[in-house]
Every structure is written in C-alpha cells, then in structure tokens.
$ cat run_21.cif   # mmCIF, C-alpha atoms and all ligand atoms
data_protein
#
loop_
_atom_site.group_PDB
_atom_site.id
_atom_site.type_symbol
_atom_site.label_atom_id
_atom_site.label_comp_id
_atom_site.auth_asym_id
_atom_site.auth_seq_id
_atom_site.Cartn_x
_atom_site.Cartn_y
_atom_site.Cartn_z
ATOM 1 C CA MET A 1124 -13.457 21.412 5.529
ATOM 2 C CA GLU A 1125 -14.652 19.614 2.414
ATOM 3 C CA THR A 1126 -13.042 22.071 0.055
ATOM 4 C CA LYS A 1127 -9.737 21.497 1.809
ATOM 5 C CA LEU A 1128 -9.601 17.862 0.719
ATOM 6 C CA GLU A 1129 -8.009 18.519 -2.637
ATOM 7 C CA LEU A 1130 -5.327 20.735 -1.167
ATOM 8 C CA VAL A 1131 -4.488 18.233 1.548
ATOM 9 C CA LYS A 1132 -3.650 15.571 -1.023
ATOM 10 C CA ALA A 1133 -0.319 17.185 -1.799
ATOM 11 C CA GLN A 1134 0.686 17.565 1.819
ATOM 12 C CA PRO A 1135 2.586 14.729 3.485
ATOM 13 C CA ASP A 1136 1.568 15.853 6.937
ATOM 14 C CA HIS A 1137 -2.122 16.208 6.268
ATOM 15 C CA ALA A 1138 -4.715 15.233 8.809
ATOM 16 C CA HIS A 1139 -5.763 11.720 7.865
ATOM 17 C CA ARG A 1140 -9.463 11.323 7.250
ATOM 18 C CA TRP A 1141 -10.098 7.798 8.446
ATOM 19 C CA LEU A 1142 -12.946 5.955 6.867
ATOM 20 C CA ILE A 1143 -13.430 3.136 9.308
ATOM 21 C CA GLU A 1144 -15.042 -0.121 8.301
ATOM 22 C CA GLU A 1145 -17.845 -1.624 10.301
ATOM 23 C CA ALA A 1146 -16.575 -3.531 13.299
ATOM 24 C CA ARG A 1147 -16.343 -7.243 12.656
ATOM 25 C CA GLY A 1148 -13.796 -8.212 15.295
ATOM 26 C CA PRO A 1149 -11.354 -6.802 17.835
ATOM 27 C CA GLN A 1150 -10.115 -4.363 15.230
ATOM 28 C CA SER A 1151 -11.470 -2.382 12.319
ATOM 29 C CA ARG A 1152 -9.540 -1.248 9.315
ATOM 30 C CA GLY A 1153 -9.529 2.441 8.652
ATOM 31 C CA THR A 1154 -8.594 3.880 5.292
ATOM 32 C CA CYS A 1155 -7.566 7.476 4.862
ATOM 33 C CA ARG A 1156 -9.839 9.073 2.304
ATOM 34 C CA VAL A 1157 -7.084 11.501 1.412
ATOM 35 C CA CYS A 1158 -4.003 9.332 0.834
ATOM 36 C CA GLY A 1159 -5.346 5.778 1.059
ATOM 37 C CA THR A 1160 -3.182 4.795 4.003
ATOM 38 C CA GLU A 1161 -4.638 1.952 6.038
ATOM 39 C CA LYS A 1162 -4.535 1.661 9.793
ATOM 40 C CA MET A 1163 -6.069 -0.721 12.283
ATOM 41 C CA PHE A 1164 -8.297 0.722 14.953
ATOM 42 C CA ARG A 1165 -9.240 -1.084 18.115
ATOM 43 C CA ASN A 1166 -12.946 -1.569 18.611
ATOM 44 C CA TRP A 1167 -13.238 -0.608 22.198
ATOM 45 C CA LEU A 1168 -16.719 0.624 21.422
ATOM 46 C CA GLU A 1169 -19.345 -1.896 20.512
ATOM 47 C CA ASP A 1170 -21.937 0.467 19.158
ATOM 48 C CA ALA A 1171 -22.127 1.869 15.648
ATOM 49 C CA ASP A 1172 -21.073 5.197 17.109
ATOM 50 C CA PHE A 1173 -17.536 4.097 16.373
ATOM 51 C CA ILE A 1174 -18.053 4.667 12.670
ATOM 52 C CA THR A 1175 -19.001 8.281 13.164
ATOM 53 C CA ASN A 1176 -15.596 8.893 14.739
ATOM 54 C CA GLU A 1177 -14.398 9.787 11.284
ATOM 55 C CA GLU A 1178 -15.649 13.286 11.846
ATOM 56 C CA HIS A 1179 -13.814 13.514 15.143
ATOM 57 C CA ARG A 1180 -10.531 12.300 13.699
ATOM 58 C CA GLN A 1181 -10.812 14.868 10.985
ATOM 59 C CA ALA A 1182 -10.437 17.560 13.600
ATOM 60 C CA ALA A 1183 -7.674 15.772 15.472
HETATM 61 ZN ZN ZN A 1201 -3.951 10.390 4.850
#
$ encode --input "run_21.cif" --output "structure tokens"
Amino acid sequence: METKLELVKAQPDHAHRWLIEEARGPQSRGTCRVCGTEKMFRNWLEDADFITNEEHRQAA
C-alpha cells in the first residue's frame, strides 16, 4: 500500500488517504495525504479511535 502512494498522485480518481485532525468540535478536518484535498468529517465518535479511521478509509 505504501509504495502505491507515489503512483496514486497522478491519478485523479485515487483513493483519498484522509489524515484527520484531532476532534475539537462537531467536525474534524481531514486532509488527503495524496492530493491535499480537504474535507470535513463529522465527529460522531468521541473517542480517539476516530483518528485511526485513516487506515479504514484507505481501503474504502
Ligand atoms: Zn486525494
């Protein structure tokens, strides 16, 4: 998966790798580590587990 990062950069339909900031409110900002796109994620989870979702979204 890690080695695929460089290849994905040139693809417009890559799977975004969301790096999600620590929850500080109703929403957290996620930044794609591949293309830098930002997206707001709802913090329906209160625990720090939310941050680890990055790995899950990678597979999505
Ligand atoms: Zn992206």
$ atom_distance --input "run_21.cif" --atom1 "atom CA of Met1163 of chain A" --atom2 "atom CA of Ala1138 of chain A"
16.4 Å
$ resolve_selection --input "run_21.cif" --expression "the PyMOL selection byres (((not hetatm)) within 7 of (chain A and resi 1201))" --output "list in words"
His1137, Ala1138, His1139, Arg1140, Cys1155, Arg1156, Val1157, Cys1158, Gly1159 and Thr1160 of chain A
$ resolve_selection --input "run_21.cif" --expression "the PyMOL selection byres (((chain A and resi 1164) around 9) and not hetatm)" --output "ChimeraX atom specification"
/A:1143,1149-1153,1162-1163,1165-1167
$ write_last_selection --input "run_21.cif" --atoms "C-alpha atoms" --output "mmCIF file, in the coordinates of the input"
data_model
loop_
_atom_site.group_PDB
_atom_site.id
_atom_site.type_symbol
_atom_site.label_atom_id
_atom_site.label_comp_id
_atom_site.auth_asym_id
_atom_site.auth_seq_id
_atom_site.Cartn_x
_atom_site.Cartn_y
_atom_site.Cartn_z
ATOM 1 C CA ILE A 1143 -13.430 3.136 9.308
ATOM 2 C CA PRO A 1149 -11.354 -6.802 17.835
ATOM 3 C CA GLN A 1150 -10.115 -4.363 15.230
ATOM 4 C CA SER A 1151 -11.470 -2.382 12.319
ATOM 5 C CA ARG A 1152 -9.540 -1.248 9.315
ATOM 6 C CA GLY A 1153 -9.529 2.441 8.652
ATOM 7 C CA LYS A 1162 -4.535 1.661 9.793
ATOM 8 C CA MET A 1163 -6.069 -0.721 12.283
ATOM 9 C CA ARG A 1165 -9.240 -1.084 18.115
ATOM 10 C CA ASN A 1166 -12.946 -1.569 18.611
ATOM 11 C CA TRP A 1167 -13.238 -0.608 22.198
#
